[in-house]
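The next block is my_file27.cif, given as mmCIF, C-alpha atoms.
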data_data
loop_
_atom_site.label_atom_id
_atom_site.label_comp_id
_atom_site.auth_asym_id
_atom_site.auth_seq_id
_atom_site.Cartn_x
_atom_site.Cartn_y
_atom_site.Cartn_z
CA MET A 1 8.69 14.12 71.55
CA ALA A 2 8.30 17.87 72.12
CA GLN A 3 5.36 19.81 70.70
CA HIS A 4 5.75 21.03 67.14
CA VAL A 5 6.15 24.65 66.07
CA ARG A 6 4.33 25.94 62.97
CA ARG A 7 6.69 27.81 60.67
CA SER A 8 6.56 29.23 57.15
CA ALA A 9 8.74 29.17 54.06
CA ARG A 10 8.65 30.99 50.75
CA GLY A 11 7.72 28.68 47.89
CA ARG A 12 7.33 29.24 44.17
CA SER A 13 3.57 29.70 44.51
CA GLY A 14 3.56 31.72 47.73
CA ARG A 15 3.88 31.12 51.43
CA LEU A 16 4.18 27.54 52.62
CA SER A 17 3.27 26.42 56.11
CA TYR A 18 5.00 23.52 57.83
CA LEU A 19 5.29 21.79 61.19
CA ASP A 20 8.66 21.43 62.89
CA TRP A 21 9.35 19.07 65.78
CA PRO A 22 12.81 19.67 67.35
CA GLY A 23 15.36 16.89 67.46
CA THR A 24 18.75 15.65 66.35
CA GLY A 25 20.21 13.38 63.70
CA VAL A 26 19.00 13.05 60.11
CA PRO A 27 15.48 14.55 60.13
CA VAL A 28 12.31 13.03 58.74
CA LEU A 29 10.27 15.00 56.20
CA PHE A 30 6.63 13.90 56.03
CA LEU A 31 4.79 14.31 52.70
CA HIS A 32 1.02 14.14 53.04
CA PRO A 33 -1.63 12.64 50.75
CA VAL A 34 -3.40 15.12 48.51
CA ASN A 35 -6.46 16.72 50.09
CA THR A 36 -5.11 16.28 53.59
CA ALA A 37 -2.41 18.39 55.28
CA ALA A 38 0.77 18.18 57.34
CA ALA A 39 -1.32 17.53 60.46
CA VAL A 40 -2.31 14.10 59.12
CA TRP A 41 1.07 12.95 60.49
CA THR A 42 0.89 14.39 64.02
CA ASP A 43 -0.17 11.16 65.72
CA VAL A 44 2.50 9.21 63.82
CA VAL A 45 5.18 11.63 64.98
CA ALA A 46 3.89 11.41 68.55
CA ALA A 47 4.03 7.62 68.41
CA LEU A 48 7.56 7.68 67.00
CA GLY A 49 8.91 9.57 69.99
CA GLY A 50 12.69 9.64 70.27
CA PRO A 51 15.19 12.35 69.51
CA ARG A 52 14.87 12.65 65.71
CA ARG A 53 13.78 15.99 64.25
CA ALA A 54 10.64 15.89 62.12
CA LEU A 55 9.14 18.25 59.54
CA ALA A 56 5.77 18.06 57.80
CA VAL A 57 4.86 20.32 54.90
CA ASP A 58 1.47 21.68 53.86
CA TYR A 59 1.68 21.58 50.06
CA ARG A 60 0.41 24.61 48.17
CA ALA A 61 -3.42 24.80 48.36
CA HIS A 62 -3.44 22.52 51.41
CA GLY A 63 -3.56 23.23 55.13
CA ARG A 64 -2.37 26.74 55.88
CA SER A 65 -0.29 27.24 52.74
CA ASP A 66 -1.18 29.69 49.98
CA PRO A 67 -3.52 28.31 47.28
CA GLY A 68 -1.53 29.10 44.12
CA GLY A 69 -0.82 26.33 41.60
CA PRO A 70 0.16 24.37 39.64
CA TYR A 71 -0.58 21.09 41.45
CA LEU A 72 1.51 18.25 40.06
CA PRO A 73 3.89 16.08 42.14
CA VAL A 74 6.89 17.94 40.77
CA ASP A 75 5.35 21.17 42.13
CA TYR A 76 4.72 19.63 45.55
CA ALA A 77 8.33 18.38 45.49
CA ALA A 78 9.46 21.99 44.97
CA ASP A 79 7.40 22.90 48.05
CA ALA A 80 9.18 20.17 50.02
CA VAL A 81 12.60 21.44 48.96
CA ALA A 82 11.63 24.99 49.95
CA VAL A 83 10.75 23.71 53.42
CA LEU A 84 14.02 21.79 53.72
CA ASP A 85 15.89 24.94 52.75
CA ALA A 86 13.97 27.12 55.20
CA ALA A 87 14.56 24.59 57.98
CA GLY A 88 18.28 24.37 57.21
CA VAL A 89 18.06 20.65 56.43
CA GLU A 90 20.44 19.27 53.82
CA ARG A 91 19.26 15.65 53.85
CA ALA A 92 16.18 13.91 55.20
CA HIS A 93 14.34 10.61 55.40
CA LEU A 94 11.10 10.95 53.40
CA VAL A 95 7.90 9.42 54.75
CA CYS A 96 5.03 9.82 52.31
CA GLY A 97 1.42 8.90 51.67
CA SER A 98 -0.68 8.54 48.51
CA ILE A 99 0.53 11.00 45.86
CA GLY A 100 3.30 11.82 48.34
CA GLY A 101 5.01 8.76 46.89
CA ALA A 102 5.22 10.51 43.54
CA VAL A 103 6.35 13.68 45.32
CA ALA A 104 9.17 11.75 47.02
CA VAL A 105 10.25 10.25 43.69
CA GLU A 106 10.24 13.66 42.00
CA LEU A 107 12.35 15.06 44.85
CA ALA A 108 14.77 12.12 44.64
CA ALA A 109 15.09 12.56 40.88
CA ALA A 110 15.78 16.30 41.14
CA ALA A 111 17.97 16.28 44.26
CA PRO A 112 19.09 12.75 45.16
CA GLU A 113 21.67 14.02 47.61
CA ARG A 114 18.86 15.31 49.83
CA VAL A 115 17.06 11.98 50.22
CA ALA A 116 18.30 9.54 52.87
CA SER A 117 15.46 7.04 52.36
CA ILE A 118 11.81 6.73 51.31
CA ALA A 119 9.04 5.02 53.29
CA ALA A 120 5.78 5.12 51.33
CA PHE A 121 2.29 4.37 52.67
CA GLY A 122 -0.70 3.91 50.38
CA ALA A 123 1.40 5.59 47.73
CA ALA A 124 1.75 5.53 43.96
CA LEU A 125 3.49 7.13 41.02
CA ARG A 126 0.10 7.95 39.51
CA VAL A 127 -3.57 7.59 40.33
CA GLY A 128 -4.88 7.85 36.80
CA TRP A 129 -8.59 8.53 37.18
CA ALA A 130 -10.45 8.41 33.87
CA ALA A 131 -11.98 11.58 32.44
CA ASP A 132 -15.54 10.52 33.25
CA ALA A 133 -14.63 9.86 36.90
CA LEU A 134 -13.01 13.28 37.16
CA ASP A 135 -16.06 14.91 35.57
CA GLU A 136 -18.38 13.12 37.99
CA ALA A 137 -16.28 14.15 41.00
CA GLU A 138 -16.19 17.78 39.85
CA LYS A 139 -19.96 17.83 39.32
CA ALA A 140 -20.55 16.46 42.82
CA LEU A 141 -18.03 18.82 44.43
CA ARG A 142 -19.70 21.83 42.86
CA ALA A 143 -23.17 20.62 43.86
CA LEU A 144 -22.32 19.67 47.45
CA GLY A 145 -19.41 21.90 48.38
CA VAL A 146 -16.04 20.70 49.66
CA ARG A 147 -16.94 19.80 53.24
CA GLU A 148 -20.12 17.89 52.38
CA TRP A 149 -18.40 16.04 49.53
CA PHE A 150 -15.67 14.77 51.84
CA THR A 151 -18.23 14.02 54.55
CA ARG A 152 -20.09 11.76 52.12
CA HIS A 153 -17.12 10.14 50.42
CA GLY A 154 -14.07 10.34 52.70
CA GLY A 155 -14.94 7.20 54.63
CA GLU A 156 -15.02 5.17 51.41
CA ILE A 157 -11.23 5.06 51.25
CA LEU A 158 -10.73 3.75 54.81
CA GLY A 159 -10.33 0.10 55.75
CA PRO A 160 -12.29 -2.01 58.27
CA ARG A 161 -9.55 -1.76 60.91
CA SER A 162 -9.45 2.03 60.78
CA ARG A 163 -9.83 3.82 64.10
CA PRO A 164 -13.38 5.13 64.60
CA ASP A 165 -12.64 8.85 64.30
CA ALA A 166 -10.56 8.62 61.12
CA ALA A 167 -13.35 9.66 58.74
CA ALA A 168 -14.20 12.76 60.77
CA ARG A 169 -10.54 13.71 61.01
CA LEU A 170 -10.17 13.29 57.27
CA VAL A 171 -13.09 15.67 56.65
CA GLU A 172 -11.42 18.36 58.74
CA LEU A 173 -8.03 17.92 57.08
CA ALA A 174 -9.49 17.85 53.57
CA SER A 175 -11.89 20.75 54.03
CA GLY A 176 -9.93 23.25 56.10
CA GLY A 177 -7.65 25.80 54.49
CA ARG A 178 -5.69 28.88 55.40
CA ASP A 179 -8.73 31.18 55.66
CA GLY A 180 -11.57 28.78 56.43
CA ASP A 181 -12.80 25.99 54.19
CA ARG A 182 -10.90 25.45 50.94
CA ALA A 183 -12.41 26.94 47.78
CA THR A 184 -14.27 24.51 45.55
CA ASP A 185 -12.47 25.77 42.42
CA THR A 186 -9.11 25.07 44.04
CA VAL A 187 -10.07 21.56 45.16
CA VAL A 188 -11.36 20.78 41.67
CA ARG A 189 -8.08 21.94 40.11
CA VAL A 190 -6.07 19.94 42.64
CA LEU A 191 -8.16 16.84 42.01
CA ARG A 192 -7.90 17.06 38.24
CA SER A 193 -4.15 17.68 38.32
CA THR A 194 -3.18 15.19 40.98
CA PHE A 195 -5.66 12.38 40.31
CA GLY A 196 -5.83 12.82 36.55
CA ASP A 197 -2.71 14.37 35.04
CA ALA A 198 -0.01 13.35 37.52
CA ASP A 199 2.39 10.65 36.33
CA SER A 200 5.83 10.37 37.91
CA ARG A 201 6.98 7.26 36.06
CA PRO A 202 9.59 9.29 34.12
CA ALA A 203 11.07 10.51 37.41
CA ALA A 204 11.03 6.95 38.74
CA ALA A 205 13.07 5.85 35.74
CA VAL A 206 15.73 8.37 36.75
CA VAL A 207 15.69 7.29 40.39
CA ALA A 208 15.83 3.60 39.48
CA ALA A 209 19.44 3.98 38.34
CA ASP A 210 20.54 4.59 41.94
CA PRO A 211 17.58 4.45 44.33
CA PRO A 212 17.78 5.35 48.01
CA PRO A 213 16.81 2.75 50.61
CA ALA A 214 13.05 2.39 50.31
CA ARG A 215 10.06 0.38 51.43
CA VAL A 216 6.45 0.52 50.23
CA PHE A 217 3.47 -0.26 52.48
CA VAL A 218 -0.03 -0.78 51.09
CA GLY A 219 -3.37 -1.38 52.78
CA SER A 220 -5.20 -4.55 51.87
CA HIS A 221 -8.36 -2.44 51.40
CA ASP A 222 -6.84 0.56 49.59
CA PRO A 223 -9.16 1.53 46.70
CA THR A 224 -7.15 4.55 45.56
CA CYS A 225 -3.58 3.21 45.35
CA PRO A 226 -4.15 -0.57 45.45
CA PRO A 227 -1.41 -3.23 45.48
CA PRO A 228 -0.68 -3.05 41.72
CA ARG A 229 0.08 0.68 42.09
CA ALA A 230 2.22 -0.07 45.15
CA ARG A 231 4.19 -2.67 43.20
CA GLU A 232 4.74 -0.19 40.37
CA LEU A 233 6.17 2.33 42.84
CA ALA A 234 8.28 -0.34 44.52
CA ALA A 235 9.72 -1.47 41.19
CA GLY A 236 10.96 2.05 40.53
CA LEU A 237 12.62 2.17 43.93
CA ASN A 238 13.95 -1.41 43.98
CA ALA A 239 11.96 -1.81 47.18
CA GLU A 240 9.89 -4.50 48.84
CA VAL A 241 6.14 -4.18 49.36
CA ARG A 242 4.54 -4.92 52.73
CA MET A 243 0.81 -5.41 53.15
CA LEU A 244 -1.15 -3.70 55.96
CA ASP A 245 -4.06 -5.99 56.77
CA GLY A 246 -7.45 -4.33 57.16
CA ILE A 247 -6.14 -0.86 56.31
CA GLY A 248 -7.36 1.35 53.49
CA HIS A 249 -5.76 4.31 51.78
CA LEU A 250 -4.59 6.35 54.79
CA PRO A 251 -2.53 4.22 57.21
CA MET A 252 -1.18 7.31 58.95
CA LEU A 253 -4.72 8.32 59.90
CA GLU A 254 -6.28 4.86 60.31
CA ASP A 255 -3.58 3.32 62.52
CA PRO A 256 -0.87 5.85 63.40
CA ALA A 257 0.79 3.65 66.02
CA ALA A 258 1.33 0.79 63.56
CA THR A 259 2.47 3.29 60.92
CA ALA A 260 5.01 4.74 63.34
CA ALA A 261 6.28 1.26 64.24
CA ALA A 262 6.75 0.47 60.55
CA VAL A 263 8.65 3.75 60.01
CA LYS A 264 10.86 3.16 63.03
CA GLU A 265 11.75 -0.39 61.98
CA PHE A 266 12.47 0.69 58.41
CA HIS A 267 14.70 3.57 59.48
CA ALA A 268 16.66 1.27 61.76
CA SER A 269 17.25 -1.16 58.90
CA ALA A 270 18.03 1.59 56.38
CA GLU A 271 20.62 3.20 58.62
CA THR A 272 22.35 -0.14 59.23
CA GLY A 273 22.33 -1.02 55.54
CA ASN A 274 19.74 -3.82 55.86
CA ARG A 275 17.05 -2.68 53.44
#
So, in terms of structure tokens, how does the structure I just supplied come out?
Amino acid sequence: MAQHVRRSARGRSGRLSYLDWPGTGVPVLFLHPVNTAAAVWTDVVAALGGPRRALAVDYRAHGRSDPGGPYLPVDYAADAVAVLDAAGVERAHLVCGSIGGAVAVELAAAAPERVASIAAFGAALRVGWAADALDEAEKALRALGVREWFTRHGGEILGPRSRPDAAARLVELASGGRDGDRATDTVVRVLRSTFGDADSRPAAAVVAADPPPARVFVGSHDPTCPPPRARELAAGLNAEVRMLDGIGHLPMLEDPAATAAAVKEFHASAETGNR
């Protein structure tokens, strides 16, 4: 697949940055886990190869996009729609990770005609951290700073079969922003909104009436969106759940080749009507 081009779109909270790989057919829109960025998908896209166009959005306050809020899945879904509009894409396959699953559901509820299918990895409709866990994370973030906090804790969400450099790559994706490292205040607000307040079960109830083709993949060692959360997402999409042995919360970073193979097989089955 050809090298991507970085482009920008105008979103509700400011400028959005996204990656665009040229191609034909129904494109794929990649929706990243919170506290990563569009670039978390680059090795997956490379492994996919083939002629299909691909897009990957940096949500607001992530990657090279502007930092303005708010930071709920419905807001990230608005960012995704803004990128589709800027790219001239009417309909796309959604491939999502972590809270990206909730983003995909919010997008499908608001604009079902734009969603060809949903493939979700380590994803959930909600994370639902308790107030004391959010308070503890905020205290540590403010004491350590963003980069050191992810350096200390990022590896905790990866599985035993993760590639060796995944933790270091996660630190760079989670820490880097448009103008250097992300601001601690912004990361705290993102964390509290996305890990605490976010709940896309109402949107899933809308989508459940006529869901797109979907499949949910979950790592056997995922501590953030474990199998019960995956099954909750799958129930809303009338989808099957497939286990990824030895993988943690970020399959796209831990084993991009296997993630790409799963995407490719799912898209082939979705486009032939064999979900």
Identify, on the basis of all atoms listed in the file, every residue whose closest approach to segment 175-186 of chain A does not exceed 6 Å; exclude the query and any residue fewer than 4 positions from it along the same chain; express the result as number ranges by chain. A: 63-64, 146-147, 171
I need the residue set behind the PyMOL selection byres ((chain A and resi 22) around 6) for this file; please write it as a count of residues only. 3
Reference answer for the PyMOL selection byres ((chain A and resi 150) around 12), as a PyMOL selection string: chain A and resi 35-36+137+140-141+144-149+151-157+167-176+181-182+184+187
Generate a file of the selected residues that holds C-alpha atoms, formatted as an mmCIF file, in the coordinates of the input.
data_model
loop_
_atom_site.group_PDB
_atom_site.id
_atom_site.type_symbol
_atom_site.label_atom_id
_atom_site.label_comp_id
_atom_site.auth_asym_id
_atom_site.auth_seq_id
_atom_site.Cartn_x
_atom_site.Cartn_y
_atom_site.Cartn_z
ATOM 1 C CA ASN A 35 -6.460 16.720 50.090
ATOM 2 C CA THR A 36 -5.110 16.280 53.590
ATOM 3 C CA ALA A 137 -16.280 14.150 41.000
ATOM 4 C CA ALA A 140 -20.550 16.460 42.820
ATOM 5 C CA LEU A 141 -18.030 18.820 44.430
ATOM 6 C CA LEU A 144 -22.320 19.670 47.450
ATOM 7 C CA GLY A 145 -19.410 21.900 48.380
ATOM 8 C CA VAL A 146 -16.040 20.700 49.660
ATOM 9 C CA ARG A 147 -16.940 19.800 53.240
ATOM 10 C CA GLU A 148 -20.120 17.890 52.380
ATOM 11 C CA TRP A 149 -18.400 16.040 49.530
ATOM 12 C CA THR A 151 -18.230 14.020 54.550
ATOM 13 C CA ARG A 152 -20.090 11.760 52.120
ATOM 14 C CA HIS A 153 -17.120 10.140 50.420
ATOM 15 C CA GLY A 154 -14.070 10.340 52.700
ATOM 16 C CA GLY A 155 -14.940 7.200 54.630
ATOM 17 C CA GLU A 156 -15.020 5.170 51.410
ATOM 18 C CA ILE A 157 -11.230 5.060 51.250
ATOM 19 C CA ALA A 167 -13.350 9.660 58.740
ATOM 20 C CA ALA A 168 -14.200 12.760 60.770
ATOM 21 C CA ARG A 169 -10.540 13.710 61.010
ATOM 22 C CA LEU A 170 -10.170 13.290 57.270
ATOM 23 C CA VAL A 171 -13.090 15.670 56.650
ATOM 24 C CA GLU A 172 -11.420 18.360 58.740
ATOM 25 C CA LEU A 173 -8.030 17.920 57.080
ATOM 26 C CA ALA A 174 -9.490 17.850 53.570
ATOM 27 C CA SER A 175 -11.890 20.750 54.030
ATOM 28 C CA GLY A 176 -9.930 23.250 56.100
ATOM 29 C CA ASP A 181 -12.800 25.990 54.190
ATOM 30 C CA ARG A 182 -10.900 25.450 50.940
ATOM 31 C CA THR A 184 -14.270 24.510 45.550
ATOM 32 C CA VAL A 187 -10.070 21.560 45.160
#
Given the PyMOL selection byres ((chain A and resi 254) around 8), the residues it picks as a compact mmCIF listing (two decimals) with C-alpha atoms, in the frame of the given file:
# COMPACT_ATOMS: atom_id res chain seq x y z
CA LEU A 158 -10.73 3.75 54.81
CA GLY A 159 -10.33 0.10 55.75
CA ARG A 161 -9.55 -1.76 60.91
CA SER A 162 -9.45 2.03 60.78
CA ARG A 163 -9.83 3.82 64.10
CA ALA A 166 -10.56 8.62 61.12
CA ILE A 247 -6.14 -0.86 56.31
CA GLY A 248 -7.36 1.35 53.49
CA LEU A 250 -4.59 6.35 54.79
CA PRO A 251 -2.53 4.22 57.21
CA MET A 252 -1.18 7.31 58.95
CA LEU A 253 -4.72 8.32 59.90
CA ASP A 255 -3.58 3.32 62.52
CA PRO A 256 -0.87 5.85 63.40
Give me the residues within 7 Å of segment 26-31 of chain A as a PyMOL selection string, counting only C-alpha atoms and dropping any in the same chain fewer than 4 places off. chain A and resi 52-57+91-97+100
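Minimum distance to Ser220 of chain A across A:Lys139, A:Asp58, A:Ser269, A:Gly122 (counting all atoms listed in the file) occurs at A:Gly122.
Among the candidate residues A:Phe195, A:Tyr59, A:Phe121, A:Tyr71, the one lying nearest to Arg10 of chain A is A:Tyr59, with distances computed using all atoms listed in the file.
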Give me, as a count of residues only, all polymer residues having an atom no more than 10 Å from Ala270 of chain A, counting all atoms listed in the file and skipping those fewer than 2 positions away in the same chain. 17
Enclosing box along x, y and z for every listed atom of segment 171-176 of chain A, padded 3 Å each side, centre and size in Å, one decimal, as lines of an AutoDock Vina configuration file:
center_x = -10.6
center_y = 19.5
center_z = 56.2
size_x = 11.1
size_y = 13.6
size_z = 11.2
Determine, counting all atoms listed in the file, which protein, DNA and RNA residues have an atom within 10 Å of an atom of Ala205 of chain A; residues of the same chain fewer than 5 positions away are not included. Present the result as a PyMOL selection string. chain A and resi 105+109+200+210-211+235-237
How far is it from atom CA of Pro223 of chain A to atom CA of Asp199 of chain A, in Å with one decimal? 18.0 Å
Selection as a PyMOL selection string: residues within 9 Å of (6.2, 11.8, 45.4), counting all atoms listed in the file: chain A and resi 31+73-74+76-77+96-108+120+123-125+200
Determine the nearest neighbour of Thr194 of chain A from the options A:Gly88, A:Pro112, A:Gly128, A:Gly49, counting only C-alpha atoms. A:Gly128
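Using all atoms listed in the file, every residue with an atom at most 6 Å from the point (8.2, 25.6, 64.6) is listed here: His4, Val5, Arg6, Arg7, Leu19 and Asp20 of chain A.
Take atom CA of Asp66 of chain A and atom CA of Val188 of chain A: the distance between them is 15.9 Å.
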When distances are computed from all atoms listed in the file, which of A:Pro164, A:Gly246, A:Pro227, A:Pro70 shows the smallest separation from Ser193 of chain A? A:Pro70
Could you add all heavy atoms to segment 82-93 of chain A and give me the result as a PDB file, in the coordinates of the input?
ATOM      1  N   ALA A  82      11.661  23.656  49.327  1.00  0.00           N
ATOM      2  CA  ALA A  82      11.630  24.990  49.950  1.00  0.00           C
ATOM      3  C   ALA A  82      11.561  24.885  51.464  1.00  0.00           C
ATOM      4  O   ALA A  82      12.202  25.670  52.180  1.00  0.00           O
ATOM      5  CB  ALA A  82      10.435  25.786  49.410  1.00  0.00           C
ATOM      6  N   VAL A  83      10.830  23.916  51.973  1.00  0.00           N
ATOM      7  CA  VAL A  83      10.750  23.710  53.420  1.00  0.00           C
ATOM      8  C   VAL A  83      12.078  23.205  53.970  1.00  0.00           C
ATOM      9  O   VAL A  83      12.553  23.664  55.020  1.00  0.00           O
ATOM     10  CB  VAL A  83       9.593  22.755  53.757  1.00  0.00           C
ATOM     11  CG1 VAL A  83       9.693  22.241  55.188  1.00  0.00           C
ATOM     12  CG2 VAL A  83       8.254  23.459  53.539  1.00  0.00           C
ATOM     13  N   LEU A  84      12.698  22.255  53.279  1.00  0.00           N
ATOM     14  CA  LEU A  84      14.020  21.790  53.720  1.00  0.00           C
ATOM     15  C   LEU A  84      15.004  22.957  53.785  1.00  0.00           C
ATOM     16  O   LEU A  84      15.766  23.082  54.752  1.00  0.00           O
ATOM     17  CB  LEU A  84      14.543  20.709  52.774  1.00  0.00           C
ATOM     18  CG  LEU A  84      13.854  19.348  52.805  1.00  0.00           C
ATOM     19  CD1 LEU A  84      14.449  18.437  51.743  1.00  0.00           C
ATOM     20  CD2 LEU A  84      13.959  18.700  54.181  1.00  0.00           C
ATOM     21  N   ASP A  85      14.978  23.799  52.765  1.00  0.00           N
ATOM     22  CA  ASP A  85      15.890  24.940  52.750  1.00  0.00           C
ATOM     23  C   ASP A  85      15.595  25.893  53.909  1.00  0.00           C
ATOM     24  O   ASP A  85      16.517  26.357  54.594  1.00  0.00           O
ATOM     25  CB  ASP A  85      15.755  25.689  51.421  1.00  0.00           C
ATOM     26  CG  ASP A  85      16.341  24.931  50.241  1.00  0.00           C
ATOM     27  OD1 ASP A  85      17.109  23.973  50.468  1.00  0.00           O
ATOM     28  OD2 ASP A  85      16.018  25.295  49.090  1.00  0.00           O
ATOM     29  N   ALA A  86      14.335  26.197  54.127  1.00  0.00           N
ATOM     30  CA  ALA A  86      13.970  27.120  55.200  1.00  0.00           C
ATOM     31  C   ALA A  86      14.337  26.560  56.569  1.00  0.00           C
ATOM     32  O   ALA A  86      14.706  27.311  57.477  1.00  0.00           O
ATOM     33  CB  ALA A  86      12.478  27.421  55.143  1.00  0.00           C
ATOM     34  N   ALA A  87      14.249  25.236  56.709  1.00  0.00           N
ATOM     35  CA  ALA A  87      14.560  24.590  57.980  1.00  0.00           C
ATOM     36  C   ALA A  87      16.046  24.318  58.162  1.00  0.00           C
ATOM     37  O   ALA A  87      16.455  23.834  59.215  1.00  0.00           O
ATOM     38  CB  ALA A  87      13.770  23.290  58.103  1.00  0.00           C
ATOM     39  N   GLY A  88      16.842  24.614  57.136  1.00  0.00           N
ATOM     40  CA  GLY A  88      18.280  24.370  57.210  1.00  0.00           C
ATOM     41  C   GLY A  88      18.646  22.900  57.188  1.00  0.00           C
ATOM     42  O   GLY A  88      19.662  22.496  57.770  1.00  0.00           O
ATOM     43  N   VAL A  89      17.856  22.101  56.490  1.00  0.00           N
ATOM     44  CA  VAL A  89      18.060  20.650  56.430  1.00  0.00           C
ATOM     45  C   VAL A  89      18.639  20.284  55.075  1.00  0.00           C
ATOM     46  O   VAL A  89      18.023  20.549  54.036  1.00  0.00           O
ATOM     47  CB  VAL A  89      16.744  19.901  56.678  1.00  0.00           C
ATOM     48  CG1 VAL A  89      16.922  18.400  56.435  1.00  0.00           C
ATOM     49  CG2 VAL A  89      16.255  20.159  58.094  1.00  0.00           C
ATOM     50  N   GLU A  90      19.790  19.662  55.075  1.00  0.00           N
ATOM     51  CA  GLU A  90      20.440  19.270  53.820  1.00  0.00           C
ATOM     52  C   GLU A  90      19.953  17.923  53.311  1.00  0.00           C
ATOM     53  O   GLU A  90      19.910  17.686  52.104  1.00  0.00           O
ATOM     54  CB  GLU A  90      21.954  19.233  54.004  1.00  0.00           C
ATOM     55  CG  GLU A  90      22.573  20.603  54.282  1.00  0.00           C
ATOM     56  CD  GLU A  90      24.089  20.534  54.363  1.00  0.00           C
ATOM     57  OE1 GLU A  90      24.657  19.435  54.216  1.00  0.00           O
ATOM     58  OE2 GLU A  90      24.705  21.592  54.587  1.00  0.00           O
ATOM     59  N   ARG A  91      19.596  17.024  54.242  1.00  0.00           N
ATOM     60  CA  ARG A  91      19.260  15.650  53.850  1.00  0.00           C
ATOM     61  C   ARG A  91      18.243  15.107  54.847  1.00  0.00           C
ATOM     62  O   ARG A  91      18.354  15.340  56.043  1.00  0.00           O
ATOM     63  CB  ARG A  91      20.528  14.795  53.862  1.00  0.00           C
ATOM     64  CG  ARG A  91      20.407  13.394  53.292  1.00  0.00           C
ATOM     65  CD  ARG A  91      21.806  12.836  53.077  1.00  0.00           C
ATOM     66  NE  ARG A  91      21.794  11.498  52.520  1.00  0.00           N
ATOM     67  CZ  ARG A  91      21.938  10.385  53.242  1.00  0.00           C
ATOM     68  NH1 ARG A  91      22.112  10.478  54.567  1.00  0.00           N
ATOM     69  NH2 ARG A  91      21.912   9.211  52.673  1.00  0.00           N
ATOM     70  N   ALA A  92      17.248  14.391  54.331  1.00  0.00           N
ATOM     71  CA  ALA A  92      16.180  13.910  55.200  1.00  0.00           C
ATOM     72  C   ALA A  92      15.681  12.544  54.744  1.00  0.00           C
ATOM     73  O   ALA A  92      15.762  12.187  53.563  1.00  0.00           O
ATOM     74  CB  ALA A  92      15.015  14.896  55.215  1.00  0.00           C
ATOM     75  N   HIS A  93      15.144  11.781  55.700  1.00  0.00           N
ATOM     76  CA  HIS A  93      14.340  10.610  55.400  1.00  0.00           C
ATOM     77  C   HIS A  93      12.966  11.098  54.965  1.00  0.00           C
ATOM     78  O   HIS A  93      12.371  11.950  55.639  1.00  0.00           O
ATOM     79  CB  HIS A  93      14.200   9.715  56.623  1.00  0.00           C
ATOM     80  CG  HIS A  93      15.472   9.104  57.103  1.00  0.00           C
ATOM     81  ND1 HIS A  93      16.075   8.049  56.460  1.00  0.00           N
ATOM     82  CD2 HIS A  93      16.259   9.397  58.175  1.00  0.00           C
ATOM     83  CE1 HIS A  93      17.177   7.703  57.113  1.00  0.00           C
ATOM     84  NE2 HIS A  93      17.316   8.508  58.157  1.00  0.00           N
TER      85      HIS A  93
END
